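> File final_18.txt below, compact mmCIF, C-alpha atoms:
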# COMPACT_ATOMS: atom_id res chain seq x y z
CA MET A 1 19.38 -11.18 16.12
CA LYS A 2 16.64 -8.78 15.04
CA TYR A 3 15.08 -8.58 11.57
CA ILE A 4 13.60 -5.50 9.87
CA VAL A 5 11.82 -4.72 6.60
CA VAL A 6 11.64 -1.07 5.55
CA LEU A 7 9.04 -1.01 2.76
CA GLY A 8 8.59 2.10 0.61
CA ASP A 9 5.33 1.34 -1.20
CA GLY A 10 5.61 2.09 -4.93
CA MET A 11 9.07 3.63 -4.42
CA ALA A 12 10.57 2.13 -7.61
CA ASP A 13 10.14 4.04 -10.85
CA GLU A 14 11.48 4.58 -14.36
CA PRO A 15 14.07 7.11 -15.64
CA VAL A 16 12.59 10.61 -15.74
CA GLY A 17 13.90 13.13 -18.28
CA GLU A 18 13.10 16.05 -16.00
CA ILE A 19 15.81 14.88 -13.57
CA GLY A 20 18.44 13.90 -16.11
CA GLY A 21 17.21 10.40 -16.87
CA MET A 22 17.46 9.29 -13.24
CA THR A 23 14.69 7.66 -11.24
CA PRO A 24 13.26 9.40 -8.16
CA LEU A 25 15.11 6.88 -5.97
CA GLU A 26 18.38 7.57 -7.77
CA TYR A 27 17.90 11.36 -7.66
CA ALA A 28 16.70 11.68 -4.06
CA LYS A 29 19.15 12.66 -1.33
CA THR A 30 19.36 9.49 0.78
CA PRO A 31 22.45 9.62 3.02
CA ALA A 32 21.23 6.84 5.31
CA MET A 33 20.75 4.43 2.38
CA ASP A 34 24.04 5.59 0.87
CA SER A 35 25.91 4.82 4.09
CA ILE A 36 24.85 1.17 4.24
CA ALA A 37 24.58 0.37 0.51
CA PRO A 38 28.32 -0.45 0.08
CA LYS A 39 28.04 -2.88 3.02
CA SER A 40 24.92 -4.58 1.64
CA GLU A 41 23.73 -6.97 -1.03
CA ILE A 42 21.98 -5.04 -3.80
CA GLY A 43 19.80 -6.69 -6.41
CA LEU A 44 16.47 -6.99 -8.19
CA VAL A 45 13.49 -9.04 -7.03
CA HIS A 46 10.31 -10.04 -8.89
CA THR A 47 7.45 -9.54 -6.42
CA ILE A 48 4.57 -10.03 -8.88
CA PRO A 49 4.13 -13.59 -10.19
CA GLU A 50 3.71 -13.84 -13.94
CA GLY A 51 0.05 -13.50 -14.93
CA MET A 52 -1.01 -11.74 -11.72
CA LYS A 53 -1.93 -8.07 -11.56
CA PRO A 54 0.61 -5.74 -9.95
CA GLY A 55 -0.82 -4.61 -6.65
CA SER A 56 0.24 -3.90 -3.10
CA ASP A 57 -1.78 -6.93 -2.03
CA THR A 58 0.07 -9.56 -4.06
CA ALA A 59 3.42 -7.76 -3.75
CA ASN A 60 3.37 -7.35 0.03
CA LEU A 61 2.31 -10.95 0.49
CA ALA A 62 5.39 -11.91 -1.54
CA VAL A 63 7.70 -9.62 0.45
CA LEU A 64 6.39 -11.21 3.66
CA GLY A 65 7.27 -14.63 2.30
CA TYR A 66 3.84 -15.85 1.16
CA ASN A 67 3.52 -17.09 -2.42
CA PRO A 68 0.65 -14.99 -3.87
CA GLU A 69 -0.26 -17.78 -6.27
CA LYS A 70 -1.09 -19.93 -3.24
CA TYR A 71 -2.37 -17.46 -0.65
CA TYR A 72 -4.02 -14.59 -2.53
CA THR A 73 -7.84 -14.55 -2.52
CA GLY A 74 -8.39 -10.83 -3.24
CA ARG A 75 -7.46 -7.48 -1.76
CA SER A 76 -10.65 -6.55 0.04
CA PRO A 77 -10.85 -9.67 2.22
CA LEU A 78 -7.48 -8.71 3.70
CA GLU A 79 -8.80 -5.23 4.47
CA ALA A 80 -11.89 -6.80 6.04
CA LEU A 81 -9.59 -8.51 8.54
CA SER A 82 -8.10 -5.14 9.48
CA ILE A 83 -11.48 -3.46 9.96
CA GLY A 84 -12.65 -6.40 12.06
CA VAL A 85 -15.36 -7.57 9.68
CA SER A 86 -15.94 -11.30 9.92
CA MET A 87 -16.70 -12.98 6.61
CA LYS A 88 -18.81 -16.04 5.92
CA ASP A 89 -17.60 -18.53 3.32
CA THR A 90 -20.33 -17.23 0.99
CA ASP A 91 -19.40 -13.55 1.43
CA ILE A 92 -17.54 -11.48 -1.14
CA ALA A 93 -15.55 -8.47 0.05
CA ILE A 94 -15.18 -5.50 -2.32
CA ARG A 95 -12.97 -2.45 -1.90
CA CYS A 96 -15.11 0.70 -1.85
CA ASN A 97 -13.01 3.79 -2.57
CA ILE A 98 -14.38 7.30 -2.28
CA VAL A 99 -13.17 8.98 -5.49
CA THR A 100 -13.50 12.27 -7.31
CA LEU A 101 -15.48 12.30 -10.55
CA SER A 102 -15.93 15.35 -12.76
CA ASP A 103 -18.65 17.66 -11.46
CA ASP A 104 -20.60 18.31 -14.64
CA ASN A 105 -24.00 17.74 -16.19
CA LEU A 106 -22.91 14.68 -18.15
CA PRO A 107 -24.50 11.27 -17.49
CA TYR A 108 -22.65 9.22 -14.87
CA GLY A 109 -20.95 6.92 -17.39
CA GLU A 110 -19.59 9.92 -19.32
CA LYS A 111 -17.88 11.48 -16.32
CA THR A 112 -14.10 11.46 -15.85
CA ILE A 113 -12.26 10.16 -12.81
CA THR A 114 -9.85 12.86 -11.66
CA ASP A 115 -8.62 11.69 -8.24
CA HIS A 116 -8.62 8.18 -6.74
CA SER A 117 -8.08 9.53 -3.19
CA SER A 118 -10.25 12.70 -3.14
CA SER A 119 -7.36 14.94 -2.09
CA GLU A 120 -6.20 12.24 0.36
CA ILE A 121 -9.43 12.66 2.30
CA SER A 122 -9.16 12.31 6.07
CA THR A 123 -10.76 9.32 7.75
CA GLU A 124 -12.94 11.73 9.74
CA ASP A 125 -14.37 13.36 6.59
CA ALA A 126 -14.73 10.02 4.84
CA ALA A 127 -16.66 8.55 7.77
CA ILE A 128 -19.25 11.32 7.47
CA LEU A 129 -19.71 10.63 3.77
CA MET A 130 -19.76 6.86 4.24
CA GLU A 131 -22.50 7.30 6.86
CA ALA A 132 -24.63 8.94 4.17
CA VAL A 133 -23.87 6.04 1.81
CA GLN A 134 -24.70 3.48 4.50
CA LYS A 135 -28.02 5.16 5.24
CA GLU A 136 -29.12 4.94 1.61
CA LEU A 137 -27.43 1.78 0.32
CA ASN A 138 -27.07 -0.70 3.22
CA SER A 139 -29.31 -3.74 2.76
CA ASP A 140 -29.55 -7.43 3.65
CA ILE A 141 -27.31 -8.14 0.68
CA TYR A 142 -24.83 -5.23 0.73
CA GLN A 143 -23.21 -3.81 3.86
CA PHE A 144 -20.83 -0.84 3.81
CA TYR A 145 -18.02 -0.38 6.36
CA VAL A 146 -15.75 2.57 7.12
CA GLY A 147 -12.03 2.02 6.63
CA THR A 148 -9.18 4.54 6.47
CA SER A 149 -8.97 7.72 4.38
CA TYR A 150 -10.47 6.96 0.95
CA ARG A 151 -10.31 3.16 1.41
CA HIS A 152 -13.55 1.50 2.55
CA LEU A 153 -15.29 -1.85 2.31
CA THR A 154 -18.45 -3.49 1.03
CA ILE A 155 -19.55 -7.04 1.93
CA TRP A 156 -21.77 -8.72 -0.62
CA ASP A 157 -23.79 -11.62 0.80
CA LYS A 158 -23.73 -14.65 -1.51
CA GLY A 159 -21.97 -12.53 -4.11
CA GLU A 160 -19.51 -13.46 -6.82
CA VAL A 161 -15.94 -12.50 -7.58
CA THR A 162 -16.31 -10.23 -10.58
CA GLU A 163 -13.76 -8.33 -12.65
CA LEU A 164 -13.48 -4.75 -11.38
CA THR A 165 -11.08 -1.97 -12.42
CA PRO A 166 -8.84 -0.24 -9.84
CA PRO A 167 -9.59 3.51 -9.95
CA HIS A 168 -5.92 4.49 -9.86
CA ASP A 169 -5.45 2.64 -13.18
CA ILE A 170 -7.79 4.95 -15.10
CA LEU A 171 -7.09 8.45 -13.77
CA GLY A 172 -8.09 11.09 -16.31
CA ARG A 173 -10.29 8.72 -18.29
CA VAL A 174 -14.04 8.60 -18.97
CA ILE A 175 -15.40 5.89 -16.68
CA GLY A 176 -18.12 4.29 -18.83
CA GLU A 177 -16.18 1.32 -20.18
CA TYR A 178 -14.68 0.59 -16.74
CA LEU A 179 -17.91 0.34 -14.77
CA PRO A 180 -18.89 -3.08 -13.32
CA GLU A 181 -20.83 -5.48 -15.50
CA ASP A 182 -23.06 -6.27 -12.54
CA ALA A 183 -26.09 -3.98 -12.83
CA ARG A 184 -26.63 -3.58 -9.09
CA LEU A 185 -23.02 -2.56 -8.44
CA ARG A 186 -23.25 0.03 -11.25
CA GLU A 187 -26.55 1.29 -9.88
CA MET A 188 -25.09 1.79 -6.39
CA MET A 189 -22.08 3.67 -7.77
CA GLU A 190 -24.36 5.99 -9.74
CA LYS A 191 -26.65 6.46 -6.74
CA SER A 192 -23.66 7.36 -4.58
CA TYR A 193 -22.90 10.32 -6.83
CA ASP A 194 -26.41 11.64 -6.20
CA ILE A 195 -25.88 11.17 -2.45
CA LEU A 196 -22.41 12.68 -2.23
CA ASN A 197 -21.84 15.31 -4.91
CA ASN A 198 -23.80 18.07 -3.16
CA HIS A 199 -23.38 16.77 0.39
CA PRO A 200 -22.70 19.73 2.76
CA LEU A 201 -19.26 18.33 3.56
CA ASN A 202 -18.32 18.31 -0.13
CA VAL A 203 -19.57 21.87 -0.50
CA GLU A 204 -17.21 22.85 2.32
CA ARG A 205 -14.34 20.86 0.81
CA THR A 206 -14.76 22.75 -2.46
CA LYS A 207 -14.52 26.06 -0.62
CA LYS A 208 -11.23 24.88 0.90
CA GLY A 209 -9.83 23.99 -2.52
CA LEU A 210 -10.14 20.24 -1.92
CA ASN A 211 -11.52 17.74 -4.42
CA LYS A 212 -15.06 16.55 -3.83
CA ALA A 213 -15.33 12.97 -2.63
CA ASN A 214 -18.40 12.44 -4.77
CA SER A 215 -18.66 8.77 -5.72
CA ILE A 216 -17.89 5.31 -4.43
CA TRP A 217 -15.85 3.00 -6.65
CA PHE A 218 -15.90 -0.79 -6.36
CA TRP A 219 -12.83 -2.94 -7.03
CA GLY A 220 -10.65 -5.71 -5.59
CA ALA A 221 -13.34 -8.37 -4.97
CA GLY A 222 -12.34 -11.55 -3.18
CA THR A 223 -13.23 -14.40 -0.85
CA ARG A 224 -12.30 -15.02 2.79
CA PRO A 225 -8.52 -15.45 3.10
CA ALA A 226 -6.68 -18.29 4.81
CA LEU A 227 -3.10 -17.35 5.75
CA ASP A 228 -0.58 -19.26 7.83
CA SER A 229 0.78 -17.71 11.00
CA PHE A 230 4.03 -15.77 10.40
CA GLU A 231 5.57 -17.15 13.59
CA GLY A 232 4.51 -20.67 12.71
CA ARG A 233 5.91 -20.30 9.21
CA PHE A 234 9.24 -18.66 10.06
CA GLY A 235 9.73 -19.17 13.79
CA LYS A 236 9.92 -15.40 14.40
CA LYS A 237 7.63 -13.23 16.52
CA GLY A 238 6.58 -10.46 14.14
CA ALA A 239 4.97 -7.00 14.20
CA MET A 240 3.48 -4.74 11.51
CA ILE A 241 3.65 -0.93 11.45
CA SER A 242 1.39 0.55 8.77
CA ALA A 243 -1.41 3.07 8.39
CA VAL A 244 -3.03 1.09 5.57
CA ASP A 245 -5.87 -1.39 6.13
CA LEU A 246 -4.45 -3.81 3.56
CA LEU A 247 -1.21 -4.26 5.49
CA LYS A 248 -3.02 -4.35 8.82
CA GLY A 249 -5.26 -7.05 7.36
CA ILE A 250 -2.29 -9.11 6.21
CA ALA A 251 -0.88 -8.79 9.73
CA GLU A 252 -4.18 -9.94 11.23
CA GLY A 253 -4.31 -12.88 8.84
CA THR A 254 -0.73 -13.93 9.65
CA GLN A 255 -1.22 -13.35 13.41
CA MET A 256 1.39 -10.59 13.63
CA LEU A 257 1.11 -7.75 16.12
CA ASN A 258 -0.48 -4.61 14.60
CA ILE A 259 1.06 -1.41 15.97
CA ASP A 260 -0.97 1.78 15.60
CA VAL A 261 1.24 4.89 15.52
CA PRO A 262 -0.56 8.16 16.39
CA GLY A 263 -0.55 10.47 13.38
CA ALA A 264 0.32 7.72 10.91
CA ASN A 265 -2.07 8.21 7.98
CA GLY A 266 -0.39 6.88 4.82
CA THR A 267 0.29 10.32 3.36
CA LEU A 268 3.32 12.55 2.92
CA GLU A 269 2.41 14.16 6.26
CA THR A 270 2.44 10.86 8.17
CA ASN A 271 4.25 10.42 11.49
CA TRP A 272 7.53 9.15 10.02
CA GLU A 273 9.53 9.46 13.24
CA GLY A 274 6.80 7.71 15.20
CA LYS A 275 7.10 4.65 12.98
CA ALA A 276 10.86 4.44 13.58
CA GLU A 277 10.36 4.83 17.33
CA ALA A 278 7.67 2.14 17.38
CA ALA A 279 9.92 -0.25 15.47
CA VAL A 280 12.80 0.21 17.92
CA LYS A 281 10.47 -0.25 20.89
CA VAL A 282 8.88 -3.46 19.63
CA LEU A 283 12.28 -4.97 18.84
CA LEU A 284 14.35 -3.85 21.83
CA GLU A 285 11.81 -3.35 24.63
CA ASP A 286 9.03 -5.78 23.72
CA ASN A 287 11.54 -8.34 22.47
CA TYR A 288 9.92 -9.13 19.13
CA ASP A 289 12.16 -10.74 16.50
CA PHE A 290 10.83 -9.05 13.36
CA VAL A 291 9.17 -5.79 12.35
CA TYR A 292 7.72 -4.71 9.00
CA ILE A 293 7.64 -0.91 8.59
CA HIS A 294 5.36 0.08 5.71
CA MET A 295 5.32 3.62 4.23
CA GLU A 296 2.51 4.35 1.77
CA ALA A 297 3.54 7.88 0.72
CA PRO A 298 5.83 7.09 -2.27
CA ASP A 299 3.00 5.11 -3.86
CA GLU A 300 0.46 7.87 -3.29
CA MET A 301 2.78 10.44 -4.86
CA GLY A 302 3.31 8.14 -7.84
CA HIS A 303 -0.45 7.87 -8.32
CA GLN A 304 -0.68 11.65 -8.15
CA GLY A 305 2.01 11.93 -10.82
CA SER A 306 3.96 14.30 -8.56
CA LEU A 307 7.69 13.90 -9.17
CA GLU A 308 8.63 16.49 -6.54
CA ARG A 309 6.48 14.92 -3.84
CA LYS A 310 7.60 11.38 -4.64
CA ILE A 311 11.23 12.44 -4.27
CA LYS A 312 10.32 14.11 -0.98
CA ALA A 313 8.59 10.92 0.24
CA ILE A 314 11.74 8.90 -0.46
CA GLU A 315 13.90 11.49 1.29
CA TYR A 316 11.58 11.49 4.32
CA LEU A 317 11.73 7.69 4.45
CA ASP A 318 15.52 7.94 4.48
CA SER A 319 16.00 10.81 6.94
CA ARG A 320 13.02 10.36 9.25
CA VAL A 321 12.68 6.55 9.42
CA LEU A 322 15.83 4.79 8.25
CA ALA A 323 18.43 7.16 9.74
CA PRO A 324 17.04 7.17 13.32
CA LEU A 325 16.29 3.45 13.09
CA VAL A 326 19.86 2.57 12.13
CA LYS A 327 21.29 4.95 14.73
CA LYS A 328 19.26 3.44 17.57
CA MET A 329 19.81 -0.16 16.49
CA ASP A 330 23.58 0.43 16.23
CA LYS A 331 23.64 2.12 19.65
CA SER A 332 21.81 -0.83 21.21
CA GLY A 333 24.58 -3.24 20.25
CA GLU A 334 21.97 -5.73 19.01
CA ASP A 335 22.86 -7.56 15.79
CA TYR A 336 20.27 -7.02 13.08
CA ARG A 337 19.51 -7.77 9.46
CA MET A 338 17.45 -5.34 7.39
CA LEU A 339 15.71 -5.50 4.02
CA ILE A 340 14.95 -2.19 2.28
CA MET A 341 12.74 -2.31 -0.82
CA PRO A 342 9.49 -1.28 -2.53
CA ASP A 343 6.69 -3.74 -3.13
CA HIS A 344 6.22 -2.71 -6.79
CA PRO A 345 6.97 0.29 -9.02
CA THR A 346 4.46 3.14 -9.30
CA PRO A 347 6.01 5.18 -12.13
CA ILE A 348 5.27 8.88 -12.35
CA SER A 349 4.79 8.50 -16.11
CA CYS A 350 1.78 6.16 -15.88
CA ARG A 351 0.54 6.87 -12.32
CA THR A 352 -0.24 3.22 -11.63
CA HIS A 353 1.50 0.00 -10.64
CA THR A 354 3.69 -2.07 -12.96
CA SER A 355 5.05 -5.61 -12.70
CA ASP A 356 8.73 -4.73 -13.22
CA PRO A 357 11.22 -6.15 -10.72
CA VAL A 358 12.18 -3.81 -7.87
CA PRO A 359 15.54 -3.05 -6.24
CA TYR A 360 16.27 -4.56 -2.84
CA MET A 361 19.03 -3.91 -0.32
CA LEU A 362 19.85 -6.64 2.21
CA TYR A 363 21.98 -5.35 5.09
CA ASP A 364 23.59 -7.29 7.94
CA SER A 365 25.08 -5.25 10.80
CA ARG A 366 27.75 -7.94 11.29
CA VAL A 367 29.00 -7.84 7.69
CA ASN A 368 30.74 -5.28 5.48
CA LYS A 369 30.60 -6.39 1.86
CA ASN A 370 32.68 -3.38 0.74
CA THR A 371 31.05 -3.02 -2.69
CA THR A 372 30.63 0.01 -4.95
CA TRP A 373 26.89 -0.43 -5.51
CA MET A 374 24.39 2.21 -4.45
CA TYR A 375 20.73 1.56 -3.77
CA ASN A 376 18.73 2.37 -6.90
CA GLU A 377 17.20 0.62 -9.90
CA LYS A 378 20.25 1.04 -12.15
CA ASP A 379 22.82 -0.36 -9.73
CA ALA A 380 20.45 -3.14 -8.65
CA LYS A 381 20.24 -4.30 -12.26
CA ALA A 382 23.99 -3.93 -12.82
CA SER A 383 24.75 -6.04 -9.76
CA GLY A 384 23.51 -9.18 -11.51
CA ASN A 385 21.69 -10.35 -8.38
CA VAL A 386 18.14 -11.40 -9.25
CA GLU A 387 15.51 -13.10 -7.11
CA LYS A 388 12.99 -14.59 -9.53
CA LYS A 389 10.45 -15.49 -6.85
CA GLY A 390 9.85 -12.61 -4.48
CA TYR A 391 8.48 -14.73 -1.66
CA THR A 392 11.87 -16.47 -1.24
CA LEU A 393 13.59 -13.23 -0.16
CA MET A 394 12.03 -13.28 3.32
CA GLY A 395 13.62 -16.63 4.06
CA ARG A 396 16.99 -15.16 3.12
CA LEU A 397 16.48 -12.16 5.38
CA LEU A 398 15.54 -14.43 8.28
CA GLU A 399 18.41 -16.84 7.48
CA ASN A 400 15.89 -19.71 7.18
Give the structure from the file, written as structure tokens.

Amino acid sequence: MKYIVVLGDGMADEPVGEIGGMTPLEYAKTPAMDSIAPKSEIGLVHTIPEGMKPGSDTANLAVLGYNPEKYYTGRSPLEALSIGVSMKDTDIAIRCNIVTLSDDNLPYGEKTITDHSSSEISTEDAAILMEAVQKELNSDIYQFYVGTSYRHLTIWDKGEVTELTPPHDILGRVIGEYLPEDARLREMMEKSYDILNNHPLNVERTKKGLNKANSIWFWGAGTRPALDSFEGRFGKKGAMISAVDLLKGIAEGTQMLNIDVPGANGTLETNWEGKAEAAVKVLLEDNYDFVYIHMEAPDEMGHQGSLERKIKAIEYLDSRVLAPLVKKMDKSGEDYRMLIMPDHPTPISCRTHTSDPVPYMLYDSRVNKNTTWMYNEKDAKASGNVEKKGYTLMGRLLEN
């Protein structure tokens, strides 16, 4: 028996008037999902524990079967694992995004944040800009590390976990009231604007019609994580396929195999087919028991507020990952169970994460439930199936 999670980050949404009151998932053309939905269990699952902030960190921990209330110590420490940064017990890790602030003559605190991903900046461009930041801001206390795309890392020696605002939560707003209370963190953010705004690379990006990546933004502080091994916890040999440092870090922390797919970059232009091929290989050729296939694009399109591109991301997930995956698994003759779901909603209307329950579809190649449910938010709610604690769903998938 093989076990698969197909995770569309931020794929869940709310009804959108522009498409007749349907959600993007309901509206999208998803023949692969449609073909297995009547054979599957459809329902809703709560991935965000009450009182915790809705994020891909807490939600993906829950989907993987780890209670966030027990295991979560912050987002950035998980990303530090992915980058290969070792943390001391006294270290604090902080997410360091490269964002786009308004290019005007206003004081730093009166600027507006317009893009949390700087036009989905490439890792190559971001590394050049982060090198400039490192040169000016690295010290015995603060060390900056290059991550992926707009997602980077700062380690604060003998720091403290402080309240910091995710940049994707305040798109279009003046930043003043959301800046860190810590004076040194604020000072470094302001200094970064001076370093980056007129950097030659940003001048070139402007000429190409791309947003300037003109400021760092701190958020997601946390302490060194301590996660149990996935194989030790569930008795299954597991692998992770993701382009995102957070998920790679969770895999490192749970001692799962990290699979790097060439061309996988967490955007709409990611190597969708390559992820499906890698999943089939690790299950059928490398004889792993479990694979977690993470697609970031639906979440990114939700943050951008792009209905058209979010629908396209869902359709790509269906046609370019799920369809070939199902076809090859069926052809192999291997029995398999598969869980298809988002980690959290990222509604187009608010462009950030919410804590609402998300629809799941649990499929078993040996079983035909012969239902009338389709895979979307509306049918998931109508089914009456509700998992109150998201971290229990993994045990059900794995038949533990």
> What's the 7 Å shell around segment 166-179 of chain A, counting all atoms listed in the file, without same-chain residues fewer than 3 positions away, as a PDB file with C-alpha atoms, in the frame of the given file?

ATOM      1  CA  GLY A 109     -20.950   6.920 -17.390  1.00  0.00           C
ATOM      2  CA  GLU A 110     -19.590   9.920 -19.320  1.00  0.00           C
ATOM      3  CA  LYS A 111     -17.880  11.480 -16.320  1.00  0.00           C
ATOM      4  CA  THR A 112     -14.100  11.460 -15.850  1.00  0.00           C
ATOM      5  CA  ILE A 113     -12.260  10.160 -12.810  1.00  0.00           C
ATOM      6  CA  THR A 114      -9.850  12.860 -11.660  1.00  0.00           C
ATOM      7  CA  ASP A 115      -8.620  11.690  -8.240  1.00  0.00           C
ATOM      8  CA  HIS A 116      -8.620   8.180  -6.740  1.00  0.00           C
ATOM      9  CA  ARG A 186     -23.250   0.030 -11.250  1.00  0.00           C
ATOM     10  CA  TRP A 219     -12.830  -2.940  -7.030  1.00  0.00           C
ATOM     11  CA  HIS A 303      -0.450   7.870  -8.320  1.00  0.00           C
ATOM     12  CA  THR A 352      -0.240   3.220 -11.630  1.00  0.00           C
TER      13      THR A 352
END
> Select, from A:Ser355, A:Val367, A:Arg151, A:Ile42, the residue with the minimum atom-to-atom distance to Asp335 of chain A, counting only C-alpha atoms.
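Once distances to Asp335 of chain A are computed over only C-alpha atoms, the minimum belongs to A:Val367.
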> Of the residues A:Ala28, A:Ser215, A:Met11, A:Tyr66, which is the one nearest to Tyr391 of chain A, using only C-alpha atoms?
A:Tyr66
> I'd like the contact shell of Tyr316 of chain A - 10 Å cut-off, all atoms listed in the file, skipping same-chain residues fewer than 4 positions apart - returned as a PDB file with C-alpha atoms, keeping the file's coordinate frame.

ATOM      1  CA  ALA A  28      16.700  11.680  -4.060  1.00  0.00           C
ATOM      2  CA  LYS A  29      19.150  12.660  -1.330  1.00  0.00           C
ATOM      3  CA  THR A  30      19.360   9.490   0.780  1.00  0.00           C
ATOM      4  CA  LEU A 268       3.320  12.550   2.920  1.00  0.00           C
ATOM      5  CA  GLU A 269       2.410  14.160   6.260  1.00  0.00           C
ATOM      6  CA  THR A 270       2.440  10.860   8.170  1.00  0.00           C
ATOM      7  CA  TRP A 272       7.530   9.150  10.020  1.00  0.00           C
ATOM      8  CA  GLU A 273       9.530   9.460  13.240  1.00  0.00           C
ATOM      9  CA  ALA A 297       3.540   7.880   0.720  1.00  0.00           C
ATOM     10  CA  PRO A 298       5.830   7.090  -2.270  1.00  0.00           C
ATOM     11  CA  LYS A 310       7.600  11.380  -4.640  1.00  0.00           C
ATOM     12  CA  ILE A 311      11.230  12.440  -4.270  1.00  0.00           C
ATOM     13  CA  LYS A 312      10.320  14.110  -0.980  1.00  0.00           C
ATOM     14  CA  ARG A 320      13.020  10.360   9.250  1.00  0.00           C
ATOM     15  CA  VAL A 321      12.680   6.550   9.420  1.00  0.00           C
ATOM     16  CA  LEU A 322      15.830   4.790   8.250  1.00  0.00           C
ATOM     17  CA  ALA A 323      18.430   7.160   9.740  1.00  0.00           C
TER      18      ALA A 323
END
> What is the distance, in Å and to one decimal place, between atom CA of Thr223 of chain A and atom CA of Ala80 of chain A?
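Here the two named atoms are 10.3 Å from each other.
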> For a quick check of understanding, using all atoms listed in the file, which of A:Leu210, A:Ile36, A:Val358, A:Leu81 has the smallest distance to Gly390 of chain A?
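Nearest candidate to Gly390 of chain A out of A:Leu210, A:Ile36, A:Val358, A:Leu81: A:Val358.
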> Could you tell me which of A:Asn105, A:Ser192, A:Thr346, A:Ser119 comes closest to Asn138 of chain A if we count all atoms listed in the file?
A:Ser192
> Name the residues in contact with Asp13 of chain A at a cut-off of 9 Å, using all atoms listed in the file, excluding same-chain residues fewer than 4 positions from it; report them as a list in words.
Thr23, Pro24, Leu25, Gly302, His344, Pro345, Thr346, Pro347, Ile348, Ser349, Val358 and Glu377 of chain A
> So how far away is atom CA of Arg351 of chain A from atom CA of Ser306 of chain A, in Å?
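Spanning atom CA of Ser306 of chain A to atom CA of Arg351 of chain A is a straight-line distance of 9.0 Å.
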> Could the centre and edge lengths of an axis-aligned box, enclosing all atoms of segment 369-379 of chain A in the file with 4 Å extra on each side, be given in Å to one decimal as lines of an AutoDock Vina configuration file?

center_x = 24.9
center_y = -2.0
center_z = -5.1
size_x = 23.5
size_y = 16.8
size_z = 22.0
> Could you tell me which of A:Asp245, A:Ser229, A:Glu26, A:Ala213 comes closest to Glu14 of chain A if we count all atoms listed in the file?
A:Glu26
> Using all atoms listed in the file, determine which residues lie at most 7 Å from Pro38 of chain A, disregarding the query and same-chain residues fewer than 4 positions distant; provide the list as a PDB file with C-alpha atoms, in the frame of the given file.

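Listed below is the output, result.pdb:
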ATOM      1  CA  LYS A 369      30.600  -6.390   1.860  1.00  0.00           C
ATOM      2  CA  ASN A 370      32.680  -3.380   0.740  1.00  0.00           C
ATOM      3  CA  THR A 371      31.050  -3.020  -2.690  1.00  0.00           C
ATOM      4  CA  THR A 372      30.630   0.010  -4.950  1.00  0.00           C
ATOM      5  CA  TRP A 373      26.890  -0.430  -5.510  1.00  0.00           C
ATOM      6  CA  MET A 374      24.390   2.210  -4.450  1.00  0.00           C
TER       7      MET A 374
END
